[in-house]
Amino acid sequence: RIFPTPCNVLSYGTRKGDEPMVAVVTTWFIAQCLLFVGGINAIAPIATSFFCLSYATVNLCCLLLCLSGHTNFRPLFKYYSKWTSLLGLLLNLGIMFYVDFKFASISLFCGFCIFIYLVYRNATNQNDWGSVGQSVLFHLLRKYLLRLNRTTFTTQSKLWRPNILLFVDNHQIALVDFCNSLKKGGLYIIGSVLNAQFMHKYTELHHEWLSFISRNKIKAFPQISIAPIASDGTVRTSQMIGYQNLLSLAGLGPMKPNTVVLPMC
């Protein structure tokens with residue numbers, strides 16, 4: 001559910017067909033109250049502002065989905081492009097402020113408040129609403145990683161910063177916190193090795209590391225390597241192979257570790 005509990009009554013429907021009668025009656029009641037204003041000129045700016053705001057939001061979502069290249073966004077309109085979405089967004093906003101500047105500002109403020117509420121609710125309840133912001137963020141991340149890969153960022157000594165790969169087998173909070181302070185804005189990867197015979201616990205271990213990182217407010221990425229069963233049957237050799245895999249595969253593009261931290265045994 002998106003909105004608070006008192007609004008849940010609007011979701012109740014009839015036994016036959018599940019028609020939202022409560023929502024329909026509530027909408028009728030609000031419309032009747034507006035009619036008692038007694039002047040269409042007093043109602044028109046309010047209705048126009050919220051009407052244009054809803055279509056401006058739709059055009060904004062279409063524009064962001066088009067710019068992010070989301071695979072699920074496949075509009076059927078023959079002449080659709082990102083420019084038609086941008087034009088629709090600007091026209092709706094322009095009409096809002098042309099009709100009535102005061103009500104346009106109020107409707108924008110209301111829409112912004114609803115947006116903040118939904119973002120806060122999603123952050124606290126961990127609901128997956130399929131936000132278009134995630135699609136845009138992924139697009140920008142991939143774009144700038146590719147751009148960073150084409151530059152000499154990693155070879156410039158004055159731009160060097162420690163990108164740390166920490167090898168740990170358990171939650172050693174002191175060592176993890178020390179490396180978190182040492183990275184100074186660089187990449188931080190916490191790497192651990194899981195023996196192949198315990199592969200079924202991979203997801204559980206990954207969630208444990210994510211929970212540990214979130215609980216201790218550590219800016220790091222967990223990465224787990226599956227160590228194959230060594231030919232000589234020794235655990236030490238198996239773990240060594242797992243650490244070698246971590247060392248060679250950790251990171252992405254130019255964001256690769258340049259500093260390895262080993263715990264003292």
# chains A, B, ... in the order shown; residues from 1 in each chain; ligands from 1
>>> select_by_dssp(residues="range 116-237 of chain A", states="helix (DSSP H, G or I)", output="NGL selection string")
:A and (116-125 or 132-149 or 153-155 or 157-159 or 173-182 or 196-215 or 235-237)
>>> residues_around(residues="Asn195 in chain A", least_positions_apart="3", cutoff="9 Å", atoms="only C-alpha atoms", output="number ranges by chain")
A: 198-199, 225-229, 235, 238-239, 242
>>> write_last_selection(atoms="all heavy atoms", output="short mmCIF file (atom, residue, chain, number, x, y, z; two decimals), in the first residue's frame")
data_model
loop_
_atom_site.label_atom_id
_atom_site.label_comp_id
_atom_site.auth_asym_id
_atom_site.auth_seq_id
_atom_site.Cartn_x
_atom_site.Cartn_y
_atom_site.Cartn_z
N PHE A 198 30.19 -25.69 0.47
CA PHE A 198 29.17 -24.89 1.16
C PHE A 198 28.54 -23.85 0.22
O PHE A 198 28.08 -22.81 0.66
CB PHE A 198 29.79 -24.17 2.37
CG PHE A 198 30.44 -25.08 3.36
CD1 PHE A 198 31.81 -25.10 3.52
CD2 PHE A 198 29.66 -25.93 4.14
CE1 PHE A 198 32.40 -25.94 4.43
CE2 PHE A 198 30.24 -26.77 5.06
CZ PHE A 198 31.63 -26.78 5.21
N MET A 199 28.52 -24.17 -1.07
CA MET A 199 28.02 -23.23 -2.06
C MET A 199 26.55 -22.86 -1.81
O MET A 199 26.10 -21.78 -2.15
CB MET A 199 28.19 -23.80 -3.47
CG MET A 199 27.90 -22.81 -4.59
SD MET A 199 28.06 -23.55 -6.23
CE MET A 199 29.79 -23.99 -6.22
N SER A 225 34.02 -15.15 -3.12
CA SER A 225 34.60 -16.05 -4.12
C SER A 225 34.36 -17.50 -3.71
O SER A 225 34.53 -17.85 -2.54
CB SER A 225 36.09 -15.78 -4.28
OG SER A 225 36.68 -16.72 -5.16
N ILE A 226 33.96 -18.32 -4.67
CA ILE A 226 33.77 -19.75 -4.43
C ILE A 226 35.09 -20.46 -4.70
O ILE A 226 35.61 -20.44 -5.82
CB ILE A 226 32.66 -20.33 -5.32
CG1 ILE A 226 31.35 -19.57 -5.10
CG2 ILE A 226 32.48 -21.81 -5.04
CD1 ILE A 226 30.79 -19.69 -3.72
N ALA A 227 35.66 -21.05 -3.65
CA ALA A 227 36.93 -21.76 -3.79
C ALA A 227 36.67 -23.20 -4.20
O ALA A 227 35.93 -23.92 -3.53
CB ALA A 227 37.70 -21.71 -2.47
N PRO A 228 37.25 -23.63 -5.30
CA PRO A 228 37.05 -25.03 -5.72
C PRO A 228 37.76 -25.99 -4.76
O PRO A 228 38.67 -25.60 -4.03
CB PRO A 228 37.68 -25.06 -7.11
CG PRO A 228 38.71 -23.98 -7.08
CD PRO A 228 38.16 -22.90 -6.20
N ILE A 229 37.33 -27.21 -4.80
CA ILE A 229 37.96 -28.24 -3.97
C ILE A 229 39.33 -28.55 -4.56
O ILE A 229 39.46 -28.89 -5.74
CB ILE A 229 37.10 -29.50 -3.91
CG1 ILE A 229 35.72 -29.17 -3.31
CG2 ILE A 229 37.78 -30.59 -3.10
CD1 ILE A 229 34.75 -30.32 -3.30
N VAL A 235 42.42 -27.70 2.63
CA VAL A 235 41.60 -26.49 2.69
C VAL A 235 42.44 -25.26 2.39
O VAL A 235 41.97 -24.31 1.75
CB VAL A 235 40.94 -26.37 4.08
CG1 VAL A 235 40.15 -25.08 4.19
CG2 VAL A 235 40.05 -27.57 4.35
N SER A 238 42.78 -24.67 -1.28
CA SER A 238 41.49 -24.24 -1.81
C SER A 238 41.25 -22.76 -1.52
O SER A 238 40.81 -22.01 -2.40
CB SER A 238 40.37 -25.09 -1.20
OG SER A 238 39.11 -24.64 -1.64
N GLN A 239 41.54 -22.32 -0.30
CA GLN A 239 41.36 -20.91 0.03
C GLN A 239 42.30 -20.02 -0.76
O GLN A 239 41.94 -18.91 -1.16
CB GLN A 239 41.57 -20.70 1.53
CG GLN A 239 40.43 -21.19 2.40
CD GLN A 239 40.61 -20.82 3.85
OE1 GLN A 239 41.73 -20.71 4.35
NE2 GLN A 239 39.50 -20.63 4.55
N GLY A 242 40.78 -19.35 -4.01
CA GLY A 242 39.69 -18.40 -3.86
C GLY A 242 40.18 -16.97 -3.72
O GLY A 242 39.62 -16.05 -4.34
#
>>> residues_around(residues="Asp100 in chain A", least_positions_apart="3", cutoff="8 Å", atoms="only C-alpha atoms", output="list in words")
Pro45, Ser49, Met96, Phe97, Phe103 and Ala104 of chain A
>>> write_last_selection(atoms="N, CA and C atoms", output="short mmCIF file (atom, residue, chain, number, x, y, z; two decimals), in the first residue's frame")
data_model
loop_
_atom_site.label_atom_id
_atom_site.label_comp_id
_atom_site.auth_asym_id
_atom_site.auth_seq_id
_atom_site.Cartn_x
_atom_site.Cartn_y
_atom_site.Cartn_z
N PRO A 45 -9.06 27.18 -12.40
CA PRO A 45 -7.59 27.21 -12.19
C PRO A 45 -7.08 26.04 -11.36
N SER A 49 -4.61 23.21 -12.95
CA SER A 49 -3.27 23.06 -12.40
C SER A 49 -2.94 21.60 -12.11
N MET A 96 0.11 25.67 -16.90
CA MET A 96 -0.19 25.79 -15.47
C MET A 96 0.06 27.22 -14.97
N PHE A 97 1.26 27.73 -15.26
CA PHE A 97 1.63 29.06 -14.75
C PHE A 97 0.95 30.18 -15.55
N PHE A 103 -2.06 29.03 -8.04
CA PHE A 103 -2.49 27.64 -7.95
C PHE A 103 -1.47 26.68 -8.58
N ALA A 104 -0.73 27.14 -9.59
CA ALA A 104 0.31 26.31 -10.18
C ALA A 104 1.42 26.05 -9.16
#
>>> residues_around(residues="range 59-72 of chain A", least_positions_apart="3", cutoff="7 Å", atoms="only C-alpha atoms", output="list of chain:residue names")
A:Tyr55, A:Ala56, A:Lys82, A:Ser85, A:Leu86, A:Gly88, A:Leu89, A:Val132, A:Ser135, A:Val136, A:His139
>>> residues_around(residues="Leu165 in chain A", least_positions_apart="4", cutoff="8 Å", atoms="only C-alpha atoms", output="mmCIF file with all heavy atoms, in the first residue's frame")
data_model
loop_
_atom_site.group_PDB
_atom_site.id
_atom_site.type_symbol
_atom_site.label_atom_id
_atom_site.label_comp_id
_atom_site.auth_asym_id
_atom_site.auth_seq_id
_atom_site.Cartn_x
_atom_site.Cartn_y
_atom_site.Cartn_z
ATOM 1 N N TYR A 188 36.181 0.403 -1.835
ATOM 2 C CA TYR A 188 36.408 -0.483 -0.690
ATOM 3 C C TYR A 188 35.628 -1.769 -0.922
ATOM 4 O O TYR A 188 34.399 -1.756 -0.988
ATOM 5 C CB TYR A 188 35.971 0.214 0.595
ATOM 6 C CG TYR A 188 36.260 -0.551 1.870
ATOM 7 C CD1 TYR A 188 37.166 -1.598 1.922
ATOM 8 C CD2 TYR A 188 35.605 -0.218 3.055
ATOM 9 C CE1 TYR A 188 37.426 -2.283 3.081
ATOM 10 C CE2 TYR A 188 35.848 -0.892 4.240
ATOM 11 C CZ TYR A 188 36.769 -1.928 4.245
ATOM 12 O OH TYR A 188 37.018 -2.611 5.409
ATOM 13 N N ILE A 189 36.341 -2.882 -1.048
ATOM 14 C CA ILE A 189 35.733 -4.198 -1.277
ATOM 15 C C ILE A 189 36.127 -5.119 -0.130
ATOM 16 O O ILE A 189 37.312 -5.248 0.196
ATOM 17 C CB ILE A 189 36.182 -4.801 -2.615
ATOM 18 C CG1 ILE A 189 35.761 -3.905 -3.779
ATOM 19 C CG2 ILE A 189 35.600 -6.202 -2.801
ATOM 20 C CD1 ILE A 189 36.266 -4.383 -5.127
ATOM 21 N N ILE A 190 35.135 -5.731 0.476
ATOM 22 C CA ILE A 190 35.375 -6.724 1.520
ATOM 23 C C ILE A 190 35.215 -8.096 0.888
ATOM 24 O O ILE A 190 34.116 -8.500 0.507
ATOM 25 C CB ILE A 190 34.399 -6.548 2.694
ATOM 26 C CG1 ILE A 190 34.548 -5.158 3.312
ATOM 27 C CG2 ILE A 190 34.631 -7.619 3.744
ATOM 28 C CD1 ILE A 190 33.562 -4.868 4.418
ATOM 29 N N GLY A 191 36.326 -8.796 0.760
ATOM 30 C CA GLY A 191 36.320 -10.085 0.082
ATOM 31 C C GLY A 191 36.446 -11.251 1.049
ATOM 32 O O GLY A 191 37.227 -11.197 1.997
ATOM 33 N N LEU A 247 41.366 -11.529 -6.121
ATOM 34 C CA LEU A 247 42.357 -10.526 -6.496
ATOM 35 C C LEU A 247 42.294 -10.189 -7.977
ATOM 36 O O LEU A 247 42.484 -9.033 -8.370
ATOM 37 C CB LEU A 247 43.759 -11.032 -6.131
ATOM 38 C CG LEU A 247 44.913 -10.024 -6.222
ATOM 39 C CD1 LEU A 247 44.674 -8.846 -5.301
ATOM 40 C CD2 LEU A 247 46.226 -10.704 -5.882
ATOM 41 N N ALA A 250 38.070 -8.811 -8.714
ATOM 42 C CA ALA A 250 37.409 -7.763 -7.927
ATOM 43 C C ALA A 250 37.394 -6.447 -8.694
ATOM 44 O O ALA A 250 38.340 -6.102 -9.405
ATOM 45 C CB ALA A 250 38.119 -7.575 -6.588
ATOM 46 N N PRO A 257 40.735 -2.615 -7.231
ATOM 47 C CA PRO A 257 41.576 -2.382 -6.049
ATOM 48 C C PRO A 257 43.052 -2.280 -6.410
ATOM 49 O O PRO A 257 43.539 -2.992 -7.287
ATOM 50 C CB PRO A 257 41.297 -3.608 -5.177
ATOM 51 C CG PRO A 257 40.794 -4.648 -6.118
ATOM 52 C CD PRO A 257 40.078 -3.924 -7.202
ATOM 53 N N ASN A 258 43.750 -1.356 -5.741
ATOM 54 C CA ASN A 258 45.194 -1.221 -5.898
ATOM 55 C C ASN A 258 45.932 -1.466 -4.580
ATOM 56 O O ASN A 258 47.150 -1.366 -4.520
ATOM 57 C CB ASN A 258 45.558 0.160 -6.437
ATOM 58 C CG ASN A 258 44.955 1.291 -5.622
ATOM 59 O OD1 ASN A 258 44.713 1.146 -4.428
ATOM 60 N ND2 ASN A 258 44.698 2.418 -6.276
ATOM 61 N N THR A 259 45.180 -1.767 -3.530
ATOM 62 C CA THR A 259 45.768 -2.029 -2.209
ATOM 63 C C THR A 259 45.067 -3.245 -1.607
ATOM 64 O O THR A 259 43.840 -3.281 -1.536
ATOM 65 C CB THR A 259 45.594 -0.820 -1.273
ATOM 66 O OG1 THR A 259 46.150 0.342 -1.889
ATOM 67 C CG2 THR A 259 46.288 -1.075 0.051
ATOM 68 N N VAL A 260 45.845 -4.234 -1.215
ATOM 69 C CA VAL A 260 45.305 -5.444 -0.607
ATOM 70 C C VAL A 260 45.686 -5.465 0.865
ATOM 71 O O VAL A 260 46.848 -5.247 1.222
ATOM 72 C CB VAL A 260 45.832 -6.712 -1.308
ATOM 73 C CG1 VAL A 260 45.293 -7.961 -0.625
ATOM 74 C CG2 VAL A 260 45.442 -6.698 -2.781
ATOM 75 N N VAL A 261 44.704 -5.698 1.726
ATOM 76 C CA VAL A 261 44.917 -5.749 3.167
ATOM 77 C C VAL A 261 44.663 -7.176 3.639
ATOM 78 O O VAL A 261 43.598 -7.749 3.374
ATOM 79 C CB VAL A 261 43.995 -4.771 3.917
ATOM 80 C CG1 VAL A 261 44.221 -4.866 5.424
ATOM 81 C CG2 VAL A 261 44.224 -3.350 3.424
#
>>> residues_around(residues="Arg161 in chain A", least_positions_apart="5", cutoff="8 Å", atoms="only C-alpha atoms", output="MDAnalysis selection string")
chainID A and resid 183:186
>>> write_last_selection(atoms="all heavy atoms", output="compact mmCIF listing (two decimals), in the first residue's frame")
# COMPACT_ATOMS: atom_id res chain seq x y z
N LYS A 183 40.45 4.30 3.37
CA LYS A 183 40.18 4.40 1.94
C LYS A 183 40.08 5.85 1.45
O LYS A 183 40.38 6.15 0.30
CB LYS A 183 38.90 3.65 1.58
CG LYS A 183 37.63 4.33 2.04
CD LYS A 183 36.43 3.52 1.66
CE LYS A 183 35.11 4.26 1.86
NZ LYS A 183 34.95 4.86 3.17
N LYS A 184 39.63 6.79 2.29
CA LYS A 184 39.57 8.22 1.96
C LYS A 184 38.88 8.48 0.61
O LYS A 184 39.43 9.08 -0.31
CB LYS A 184 40.98 8.82 1.94
CG LYS A 184 41.70 8.78 3.27
CD LYS A 184 40.97 9.59 4.32
CE LYS A 184 41.06 11.08 4.05
NZ LYS A 184 40.44 11.85 5.15
N GLY A 185 37.66 8.01 0.48
CA GLY A 185 36.89 8.27 -0.73
C GLY A 185 37.17 7.30 -1.87
O GLY A 185 36.62 7.46 -2.96
N GLY A 186 38.02 6.30 -1.65
CA GLY A 186 38.31 5.33 -2.69
C GLY A 186 37.36 4.14 -2.64
O GLY A 186 36.42 4.09 -1.86
>>> atom_distance(atom1="CA of His200 in chain A", atom2="CA of Asn170 in chain A")
17.9 Å
>>> residues_around(residues="range 140-151 of chain A", least_positions_apart="3", cutoff="9 Å", atoms="only C-alpha atoms", output="mmCIF file with all heavy atoms, in the first residue's frame")
data_model
loop_
_atom_site.group_PDB
_atom_site.id
_atom_site.type_symbol
_atom_site.label_atom_id
_atom_site.label_comp_id
_atom_site.auth_asym_id
_atom_site.auth_seq_id
_atom_site.Cartn_x
_atom_site.Cartn_y
_atom_site.Cartn_z
ATOM 1 N N SER A 68 17.201 6.923 -20.205
ATOM 2 C CA SER A 68 17.933 5.843 -19.537
ATOM 3 C C SER A 68 18.021 4.577 -20.378
ATOM 4 O O SER A 68 18.753 3.649 -20.022
ATOM 5 C CB SER A 68 17.275 5.524 -18.189
ATOM 6 O OG SER A 68 15.962 5.030 -18.373
ATOM 7 N N SER A 135 16.662 3.493 -12.770
ATOM 8 C CA SER A 135 17.046 3.286 -14.166
ATOM 9 C C SER A 135 17.986 4.391 -14.636
ATOM 10 O O SER A 135 18.981 4.128 -15.319
ATOM 11 C CB SER A 135 15.793 3.250 -15.048
ATOM 12 O OG SER A 135 16.121 3.062 -16.400
ATOM 13 N N VAL A 136 17.687 5.642 -14.263
ATOM 14 C CA VAL A 136 18.544 6.767 -14.641
ATOM 15 C C VAL A 136 19.909 6.655 -13.960
ATOM 16 O O VAL A 136 20.955 6.904 -14.584
ATOM 17 C CB VAL A 136 17.870 8.104 -14.281
ATOM 18 C CG1 VAL A 136 18.801 9.276 -14.528
ATOM 19 C CG2 VAL A 136 16.586 8.280 -15.076
ATOM 20 N N LEU A 137 19.906 6.261 -12.687
ATOM 21 C CA LEU A 137 21.160 6.118 -11.950
ATOM 22 C C LEU A 137 22.050 5.046 -12.573
ATOM 23 O O LEU A 137 23.268 5.230 -12.708
ATOM 24 C CB LEU A 137 20.866 5.782 -10.488
ATOM 25 C CG LEU A 137 22.064 5.702 -9.546
ATOM 26 C CD1 LEU A 137 22.774 7.039 -9.467
ATOM 27 C CD2 LEU A 137 21.624 5.266 -8.155
ATOM 28 N N THR A 154 43.654 6.398 -13.814
ATOM 29 C CA THR A 154 44.366 5.438 -12.975
ATOM 30 C C THR A 154 45.885 5.612 -13.043
ATOM 31 O O THR A 154 46.600 5.060 -12.217
ATOM 32 C CB THR A 154 44.008 4.002 -13.406
ATOM 33 O OG1 THR A 154 44.271 3.860 -14.813
ATOM 34 C CG2 THR A 154 42.545 3.715 -13.145
ATOM 35 N N THR A 155 46.371 6.347 -14.044
ATOM 36 C CA THR A 155 47.818 6.527 -14.176
ATOM 37 C C THR A 155 48.294 7.873 -13.653
ATOM 38 O O THR A 155 49.495 8.117 -13.630
ATOM 39 C CB THR A 155 48.228 6.381 -15.654
ATOM 40 O OG1 THR A 155 47.526 7.362 -16.440
ATOM 41 C CG2 THR A 155 47.881 4.986 -16.166
ATOM 42 N N LEU A 252 35.371 -3.297 -11.159
ATOM 43 C CA LEU A 252 34.706 -3.192 -12.453
ATOM 44 C C LEU A 252 35.337 -2.050 -13.234
ATOM 45 O O LEU A 252 35.351 -0.900 -12.785
ATOM 46 C CB LEU A 252 33.204 -2.930 -12.276
ATOM 47 C CG LEU A 252 32.388 -2.759 -13.559
ATOM 48 C CD1 LEU A 252 32.396 -4.065 -14.364
ATOM 49 C CD2 LEU A 252 30.956 -2.357 -13.227
ATOM 50 N N GLY A 253 35.859 -2.372 -14.430
ATOM 51 C CA GLY A 253 36.475 -1.348 -15.266
ATOM 52 C C GLY A 253 37.649 -0.695 -14.559
ATOM 53 O O GLY A 253 38.548 -1.372 -14.047
ATOM 54 N N PRO A 254 37.667 0.656 -14.507
ATOM 55 C CA PRO A 254 38.773 1.354 -13.823
ATOM 56 C C PRO A 254 38.671 1.288 -12.311
ATOM 57 O O PRO A 254 39.637 1.597 -11.619
ATOM 58 C CB PRO A 254 38.620 2.798 -14.314
ATOM 59 C CG PRO A 254 37.158 2.942 -14.591
ATOM 60 C CD PRO A 254 36.716 1.599 -15.119
ATOM 61 N N MET A 255 37.516 0.895 -11.793
ATOM 62 C CA MET A 255 37.332 0.809 -10.341
ATOM 63 C C MET A 255 37.806 -0.550 -9.847
ATOM 64 O O MET A 255 37.024 -1.446 -9.561
ATOM 65 C CB MET A 255 35.859 1.035 -9.987
ATOM 66 C CG MET A 255 35.298 2.365 -10.463
ATOM 67 S SD MET A 255 36.032 3.761 -9.585
ATOM 68 C CE MET A 255 35.297 3.548 -7.978
#
>>> closest_residue(among="A:Leu35, A:Ile241, A:Ile106, A:Ile218", to="Leu175 in chain A", atoms="only C-alpha atoms")
A:Ile218
>>> closest_residue(among="A:Val168, A:Gly111, A:Ile224, A:Leu187", to="Leu205 in chain A", atoms="only C-alpha atoms")
A:Ile224
>>> select_by_dssp(residues="range 85-174 of chain A", states="strand (DSSP E or B)", output="list in words")
Ile164, Leu165, Leu166 and Phe167 of chain A
>>> atom_distance(atom1="CA of Leu34 in chain A", atom2="CA of Ala47 in chain A")
10.3 Å
>>> atom_distance(atom1="CA of Phe50 in chain A", atom2="CA of Ser107 in chain A")
6.0 Å
